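Trainee: input.cif (mmCIF, C-alpha atoms and all ligand atoms) pasted underneath:
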```cif
data_upload
loop_
_atom_site.label_atom_id
_atom_site.label_comp_id
_atom_site.auth_asym_id
_atom_site.auth_seq_id
_atom_site.Cartn_x
_atom_site.Cartn_y
_atom_site.Cartn_z
CA PHE K 15 12.94 -14.32 -14.06
CA GLY K 16 11.08 -13.55 -17.30
CA GLU K 17 8.58 -16.39 -16.85
CA GLN K 18 5.14 -15.10 -17.79
CA THR K 19 3.61 -16.36 -14.55
CA LEU K 20 0.94 -13.63 -14.48
CA ALA K 21 0.07 -13.67 -18.20
CA GLY K 22 -3.59 -12.81 -18.73
CA LYS K 23 -4.00 -11.44 -15.20
CA HIS K 24 -5.01 -7.88 -14.36
CA VAL K 25 -3.20 -6.60 -11.28
CA LEU K 26 -3.97 -3.43 -9.33
CA VAL K 27 -1.10 -2.04 -7.21
CA THR K 28 -1.13 0.95 -4.84
CA ALA K 29 1.97 2.92 -3.84
CA GLY K 30 3.15 5.96 -1.92
CA GLY K 31 1.95 7.87 1.10
CA THR K 32 -1.50 9.46 1.04
CA ARG K 33 -1.78 13.20 1.71
CA GLU K 34 -4.48 14.56 3.98
CA ARG K 35 -5.02 18.28 3.39
CA LEU K 36 -5.22 20.76 6.26
CA ASP K 37 -5.50 23.86 4.08
CA PRO K 38 -4.57 24.91 0.51
CA VAL K 39 -0.82 24.77 1.26
CA ARG K 40 -0.42 22.09 3.95
CA PHE K 41 -1.05 18.39 4.39
CA LEU K 42 -0.33 15.46 6.69
CA THR K 43 1.56 12.55 5.16
CA ASN K 44 4.16 9.85 5.96
CA ASP K 45 7.61 8.72 4.86
CA SER K 46 6.56 6.41 2.01
CA SER K 47 8.63 6.97 -1.14
CA GLY K 48 6.53 4.65 -3.30
CA LYS K 49 9.57 2.46 -4.08
CA MET K 50 8.07 -0.78 -2.76
CA GLY K 51 4.78 -0.38 -4.66
CA TYR K 52 6.48 0.73 -7.90
CA ALA K 53 8.79 -2.30 -7.70
CA VAL K 54 5.74 -4.57 -7.32
CA ALA K 55 4.05 -2.90 -10.31
CA GLU K 56 7.19 -3.38 -12.42
CA ALA K 57 7.68 -7.01 -11.36
CA ALA K 58 4.02 -7.87 -12.07
CA GLN K 59 4.26 -6.20 -15.48
CA GLN K 60 7.45 -8.15 -16.26
CA ALA K 61 5.65 -11.34 -15.23
CA GLY K 62 3.09 -10.69 -17.97
CA ALA K 63 0.25 -9.01 -16.05
CA ALA K 64 -1.68 -5.96 -17.21
CA VAL K 65 -0.86 -3.60 -14.35
CA THR K 66 -2.64 -0.51 -13.05
CA LEU K 67 -0.67 1.51 -10.50
CA ILE K 68 -2.64 3.83 -8.24
CA THR K 69 -0.07 6.21 -6.83
CA ALA K 70 0.13 8.98 -4.29
CA PRO K 71 2.66 11.71 -5.21
CA THR K 72 6.22 10.30 -5.46
CA LYS K 73 9.50 11.28 -7.13
CA LEU K 74 9.56 8.03 -9.13
CA THR K 75 9.05 7.29 -12.81
CA VAL K 76 6.17 4.97 -13.61
CA PRO K 77 7.49 1.68 -15.08
CA SER K 78 6.86 1.55 -18.83
CA GLY K 79 3.76 -0.34 -19.89
CA VAL K 80 2.02 0.27 -16.57
CA THR K 81 -1.24 2.26 -16.49
CA VAL K 82 -1.09 4.99 -13.87
CA VAL K 83 -3.81 6.61 -11.77
CA ALA K 84 -2.65 9.58 -9.64
CA ILE K 85 -4.34 10.22 -6.31
CA GLN K 86 -3.62 12.32 -3.22
CA SER K 87 -5.84 11.54 -0.25
CA THR K 88 -7.04 8.33 1.33
CA THR K 89 -10.54 9.21 0.12
CA ASP K 90 -9.21 9.47 -3.47
CA LEU K 91 -7.33 6.19 -3.03
CA ALA K 92 -10.42 4.42 -1.68
CA GLN K 93 -12.50 5.58 -4.63
CA ALA K 94 -9.84 4.62 -7.20
CA VAL K 95 -9.36 1.16 -5.67
CA LEU K 96 -13.08 0.42 -5.23
CA ASP K 97 -13.83 1.58 -8.82
CA ARG K 98 -11.12 -0.57 -10.37
CA PHE K 99 -11.00 -3.66 -8.16
CA PRO K 100 -13.95 -5.45 -9.86
CA ALA K 101 -12.07 -5.48 -13.21
CA ASN K 102 -8.85 -6.87 -11.70
CA ASP K 103 -7.73 -10.33 -10.63
CA ALA K 104 -5.49 -9.13 -7.83
CA LEU K 105 -4.90 -6.12 -5.59
CA VAL K 106 -1.56 -5.43 -3.88
CA MET K 107 -1.86 -2.60 -1.32
CA ALA K 108 1.69 -1.32 -0.78
CA ALA K 109 0.50 2.28 -0.26
CA ALA K 110 1.07 3.79 3.17
CA VAL K 111 -2.44 4.93 3.93
CA ALA K 112 -3.28 7.59 6.52
CA ASP K 113 -5.32 6.17 9.38
CA PHE K 114 -6.73 9.61 10.26
CA GLN K 115 -7.75 12.65 8.23
CA PRO K 116 -8.67 16.21 9.28
CA VAL K 117 -12.35 16.60 10.13
CA THR K 118 -12.41 19.88 8.20
CA VAL K 119 -10.16 21.27 5.48
CA ALA K 120 -9.66 25.04 5.75
CA ASP K 121 -10.57 26.96 2.56
CA GLN K 122 -7.83 29.49 3.21
CA LYS K 123 -4.30 29.16 4.63
CA ILE K 124 -4.50 28.73 8.40
CA LYS K 125 -3.03 31.90 9.94
CA LYS K 126 -1.15 32.37 13.15
CA THR K 127 -2.50 35.22 15.23
CA PRO K 128 -1.51 36.69 18.61
CA ALA K 129 -4.43 34.69 20.05
CA ASN K 130 -3.58 31.19 18.84
CA ASP K 131 -0.39 30.03 20.57
CA GLU K 132 -1.72 26.49 20.17
CA LEU K 133 -3.54 24.95 17.25
CA ILE K 134 -5.60 21.84 17.89
CA LEU K 135 -6.22 19.61 14.88
CA LYS K 136 -9.26 17.35 14.99
CA LEU K 137 -8.83 14.14 13.03
CA LYS K 138 -11.21 11.31 12.20
CA LYS K 139 -10.55 7.74 11.08
CA THR K 140 -10.17 7.16 7.34
CA PRO K 141 -12.09 4.35 5.63
CA ASP K 142 -10.23 1.01 5.77
CA ILE K 143 -9.88 0.36 2.06
CA LEU K 144 -8.90 -3.31 2.30
CA LYS K 145 -11.87 -4.01 4.58
CA GLU K 146 -14.19 -2.44 2.01
CA VAL K 147 -12.52 -4.42 -0.78
CA ALA K 148 -13.15 -7.62 1.20
CA GLN K 149 -16.91 -6.96 0.84
CA LEU K 150 -16.60 -6.83 -2.98
CA LYS K 151 -14.15 -9.70 -3.35
CA ARG K 152 -15.11 -12.59 -5.65
CA ALA K 153 -13.79 -16.12 -5.04
CA ASN K 154 -11.28 -15.89 -7.91
CA GLN K 155 -9.80 -12.56 -6.81
CA VAL K 156 -6.66 -12.31 -4.70
CA THR K 157 -5.85 -9.55 -2.20
CA VAL K 158 -2.43 -8.85 -0.74
CA GLY K 159 -1.86 -6.32 2.02
CA PHE K 160 1.24 -4.98 3.68
CA ALA K 161 1.69 -4.40 7.40
CA ALA K 162 3.99 -1.62 8.51
CA GLU K 163 4.84 -2.47 12.11
CA THR K 164 7.20 -1.09 14.71
CA GLN K 165 6.70 -4.01 17.15
CA ASN K 166 5.23 -7.56 17.29
CA LEU K 167 5.61 -7.93 13.51
CA LEU K 168 4.19 -11.43 13.15
CA ALA K 169 1.32 -11.17 15.63
CA ASN K 170 0.18 -7.80 14.25
CA GLY K 171 0.63 -9.03 10.67
CA GLU K 172 -1.53 -12.10 11.33
CA LYS K 173 -4.23 -9.89 12.88
CA LYS K 174 -4.30 -7.66 9.79
CA LEU K 175 -4.40 -10.70 7.47
CA ARG K 176 -7.54 -11.94 9.22
CA ALA K 177 -9.24 -8.58 9.80
CA LYS K 178 -8.83 -7.60 6.14
CA HIS K 179 -9.62 -11.12 4.72
CA LEU K 180 -6.35 -11.19 2.77
CA ASP K 181 -4.82 -14.05 0.78
CA MET K 182 -1.34 -12.92 1.78
CA LEU K 183 0.16 -10.33 4.06
CA VAL K 184 3.62 -8.81 3.64
CA ALA K 185 4.92 -7.66 7.02
CA ASN K 186 7.82 -5.23 7.31
CA ASP K 187 9.50 -3.72 10.34
CA VAL K 188 9.32 0.06 9.83
CA SER K 189 11.18 0.83 13.06
CA ARG K 190 14.44 0.00 11.27
CA ALA K 191 16.19 2.76 9.33
CA ASP K 192 17.81 0.30 6.88
CA ILE K 193 14.56 -1.24 5.58
CA GLY K 194 10.87 -0.32 5.25
CA PHE K 195 10.13 3.30 4.40
CA ASN K 196 12.18 5.21 1.87
CA GLY K 197 15.34 3.16 1.26
CA ASP K 198 16.10 0.85 -1.66
CA GLU K 199 16.08 -2.29 0.49
CA ASN K 200 13.55 -4.16 2.54
CA GLN K 201 13.15 -7.39 4.49
CA VAL K 202 9.67 -8.85 4.71
CA THR K 203 7.81 -11.80 6.12
CA PHE K 204 5.12 -13.31 3.90
CA ILE K 205 2.21 -14.55 6.01
CA LEU K 206 -0.42 -16.89 4.58
CA PRO K 207 -3.90 -17.66 5.97
CA ASN K 208 -2.82 -21.25 6.78
CA GLY K 209 -0.28 -19.86 9.26
CA VAL K 210 2.76 -20.44 7.05
CA THR K 211 5.29 -17.61 7.32
CA ASP K 212 8.45 -17.03 5.31
CA GLN K 213 11.02 -14.33 5.99
CA THR K 214 13.13 -13.00 3.11
CA PRO K 215 16.72 -11.91 3.56
CA LYS K 216 17.33 -8.15 3.54
CA THR K 217 17.63 -7.31 -0.15
CA SER K 218 16.56 -4.78 -2.80
CA LYS K 219 12.90 -3.83 -3.01
CA LYS K 220 13.04 -5.01 -6.64
CA LEU K 221 13.97 -8.56 -5.54
CA ILE K 222 11.39 -8.51 -2.75
CA ALA K 223 8.83 -7.48 -5.38
CA ARG K 224 9.80 -10.42 -7.59
CA ALA K 225 9.41 -12.82 -4.69
CA LEU K 226 6.01 -11.28 -3.96
CA VAL K 227 4.94 -11.68 -7.59
CA ASP K 228 6.06 -15.34 -7.64
CA ARG K 229 3.89 -15.94 -4.58
CA LEU K 230 1.00 -14.03 -6.13
CA ALA K 231 1.16 -16.32 -9.17
CA GLN K 232 1.05 -19.35 -6.82
CA LEU K 233 -2.09 -17.97 -5.15
CA PHE K 234 -3.96 -18.22 -8.47
CA LYS K 235 -3.18 -21.95 -8.75
O1 LIG U 301 7.05 3.42 -0.19
P1 LIG U 301 8.35 2.94 0.42
O2 LIG U 301 9.21 4.07 0.90
O3 LIG U 301 9.10 1.98 -0.49
O4 LIG U 301 7.99 2.12 1.77
C1 LIG U 301 7.31 0.89 1.68
C2 LIG U 301 6.27 0.73 2.80
C3 LIG U 301 6.97 0.64 4.15
C4 LIG U 301 5.28 1.92 2.77
C5 LIG U 301 5.49 -0.59 2.44
O5 LIG U 301 6.39 -1.68 2.43
C6 LIG U 301 4.35 -0.83 3.42
O6 LIG U 301 4.50 -1.39 4.50
N1 LIG U 301 3.10 -0.42 3.01
C7 LIG U 301 1.91 -0.47 3.89
C8 LIG U 301 1.89 0.72 4.81
C9 LIG U 301 0.62 0.73 5.66
O7 LIG U 301 -0.27 1.55 5.45
O8 LIG U 301 0.56 -0.28 6.55
P2 LIG U 301 -0.57 -0.47 7.67
O9 LIG U 301 -0.05 -1.57 8.50
O10 LIG U 301 -0.93 0.84 8.28
O11 LIG U 301 -1.84 -0.96 6.84
C10 LIG U 301 -2.09 -2.33 6.57
C11 LIG U 301 -2.64 -2.52 5.16
O12 LIG U 301 -3.94 -1.91 5.07
C12 LIG U 301 -1.79 -1.92 4.07
O13 LIG U 301 -1.80 -2.79 2.96
C13 LIG U 301 -2.50 -0.61 3.75
O14 LIG U 301 -2.29 -0.25 2.39
C14 LIG U 301 -3.96 -0.96 4.04
N2 LIG U 301 -4.81 0.16 4.54
C15 LIG U 301 -4.40 0.91 5.60
C16 LIG U 301 -5.22 1.92 6.09
C17 LIG U 301 -6.47 2.15 5.46
N3 LIG U 301 -7.27 3.12 5.88
N4 LIG U 301 -6.86 1.37 4.43
C18 LIG U 301 -6.06 0.36 3.99
O15 LIG U 301 -6.44 -0.38 3.05
#
```
Go ahead and express the file in the form of structure tokens.
Mentor:
Amino acid sequence: FGEQTLAGKHVLVTAGGTRERLDPVRFLTNDSSGKMGYAVAEAAQQAGAAVTLITAPTKLTVPSGVTVVAIQSTTDLAQAVLDRFPANDALVMAAAVADFQPVTVADQKIKKTPANDELILKLKKTPDILKEVAQLKRANQVTVGFAAETQNLLANGEKKLRAKHLDMLVANDVSRADIGFNGDENQVTFILPNGVTDQTPKTSKKLIARALVDRLAQLFK
């Protein structure tokens, strides 16, 4: 490694699990640790790119030399991505984005009372950020999405690649405890619009990120 394959490129990476607030002290989120997205940011930076990392809250340290933008909700993430995408050559969406958000956010802590043995939460769909990005995308820009699947990895990955007009999709099986969310390792299948697929061995997220960055550099050629 150490080849400056992304020299001169501006790369936007998203990481972590978005938080959808219910009230001042509670939120809905998911198991994303941010490790996959941070590894991509680091690998892109090491490959010579100017990297901006848009991150939901994580316990990780931002790789040195990477510009960081902190967000919480899917709405924040959408705004940060849509604001910055025009000035970047590539977007890699490794963030685990909520598909639904509460219809209303309570101003005060939701209380339990003798009357409310059940609490019904009403959720609405979040904006699909990658679909909105596809509307802004210029011919020389590259978009890479992830697909977190618990079944039919390839078929669902291919659907997302097409629906979100991506140049590459990185599919991972999040039903497995040893890869996907949270751990230090992953195993992914890269899916390209021409139908070519390539499965990596199970290895560290850092090595997966390097493989992803090598492929990203190829997409600019
Ligand atoms: O953070 P780690 O613990 O290291 O875990 C890594 C990971 C499992 C979170 C990561 O590898 C991963 O799969 N990230 C994508 C998770 C996800 O939201 O997948 P999805 O299949 O629901 O969404 C497909 C793509 O659309 C993703 O690129 C997602 O960022 C994007 N999306 C999703 C919903 C939405 N409203 N807007 C989006 O742009």
Trainee: Any idea what's packed within 9 Å of Lys174 in chain K, counting all atoms listed in the file, ignoring anything in its chain fewer than 5 positions away? Could you give it as an MDAnalysis selection string?
Mentor: chainID K and resid 159:161 169 179:180 183
Trainee: Can you write out as a tab-separated table which residues of chain K fall within 7 Å of ligand LIG 301 (chain U), alongside each residue's closest atom pair and its distance in Å to one decimal, counting all atoms listed in the file and ordering rows by chain and ascending residue number?
Mentor:
```
residue	atom	partner	partner_atom	distance
K:Ala29	CA	U:LIG301	O1	6.3
K:Gly30	CA	U:LIG301	O1	5.0
K:Gly31	CA	U:LIG301	O1	6.9
K:Asp45	CA	U:LIG301	O2	6.3
K:Ser46	CA	U:LIG301	O2	3.7
K:Ser47	CA	U:LIG301	O2	3.6
K:Gly48	CA	U:LIG301	O1	3.4
K:Lys49	CA	U:LIG301	O3	3.7
K:Met50	CA	U:LIG301	O3	3.7
K:Gly51	CA	U:LIG301	O1	6.3
K:Thr88	CA	U:LIG301	N3	6.9
K:Met107	CA	U:LIG301	O13	4.3
K:Ala108	CA	U:LIG301	N1	4.1
K:Ala109	CA	U:LIG301	O14	4.6
K:Ala110	CA	U:LIG301	O7	3.5
K:Val111	CA	U:LIG301	O7	4.3
K:Ala112	CA	U:LIG301	C16	6.0
K:Asp113	CA	U:LIG301	N3	5.0
K:Thr140	CA	U:LIG301	N3	5.2
K:Pro141	CA	U:LIG301	N3	5.0
K:Asp142	CA	U:LIG301	N3	3.6
K:Ile143	CA	U:LIG301	O15	3.7
K:Leu144	CA	U:LIG301	O15	3.9
K:Lys145	CA	U:LIG301	O15	6.7
K:Gly159	CA	U:LIG301	O13	3.7
K:Phe160	CA	U:LIG301	O13	3.8
K:Ala161	CA	U:LIG301	O9	3.5
K:Ala162	CA	U:LIG301	O9	4.0
K:Glu163	CA	U:LIG301	O9	6.1
K:Lys174	CA	U:LIG301	C10	6.6
K:Ala185	CA	U:LIG301	O6	6.8
K:Asn186	CA	U:LIG301	O6	5.8
K:Val188	CA	U:LIG301	C3	6.2
K:Gly194	CA	U:LIG301	C3	4.2
K:Phe195	CA	U:LIG301	O4	3.6
K:Asn196	CA	U:LIG301	O2	3.3
K:Gly197	CA	U:LIG301	O2	6.2
```
Trainee: My list of candidates is K:Lys138, K:Arg152, K:Arg35, K:Arg176. Which is closest to Ala101 in chain K when distances are computed with only C-alpha atoms?
Mentor: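 Selected residue with least distance to Ala101 in chain K: K:Arg152.
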Trainee: Considering only C-alpha atoms, return as a list in words whatever protein or nucleic-acid residues lie within 9 Å of Gln18 in chain K, sequence-local ones (same chain, fewer than 3 positions apart) excluded.
Mentor: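 Non-adjacent residues within range: Phe15, Ala21, Gln60, Ala61, Gly62 and Ala63 of chain K.
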Trainee: Those same residues, written as a short mmCIF file (atom, residue, chain, number, x, y, z; two decimals), in the coordinates of the input with C-alpha atoms?
Mentor:
```
data_model
loop_
_atom_site.label_atom_id
_atom_site.label_comp_id
_atom_site.auth_asym_id
_atom_site.auth_seq_id
_atom_site.Cartn_x
_atom_site.Cartn_y
_atom_site.Cartn_z
CA PHE K 15 12.94 -14.32 -14.06
CA ALA K 21 0.07 -13.67 -18.20
CA GLN K 60 7.45 -8.15 -16.26
CA ALA K 61 5.65 -11.34 -15.23
CA GLY K 62 3.09 -10.69 -17.97
CA ALA K 63 0.25 -9.01 -16.05
#
```
Trainee: Using all atoms listed in the file for the distances, tell me which of K:Leu137, K:Leu206, K:Val119, K:Ala55 is nearest to Leu105 in chain K.
Mentor: K:Ala55
Trainee: Between K:Gln122, K:Lys219, K:Thr211, K:Val227, single out the one closest to Val106 in chain K, counting only C-alpha atoms.
Mentor: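 Answer, going by the shortest atom-to-atom distance: K:Val227.
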Trainee: With distances taken over all atoms listed in the file, which of K:Glu199, K:Asp212, K:Asp90, K:Asp37 is nearest to Val184 in chain K?
Mentor: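 Of all the options, K:Asp212 lies closest to Val184 in chain K.
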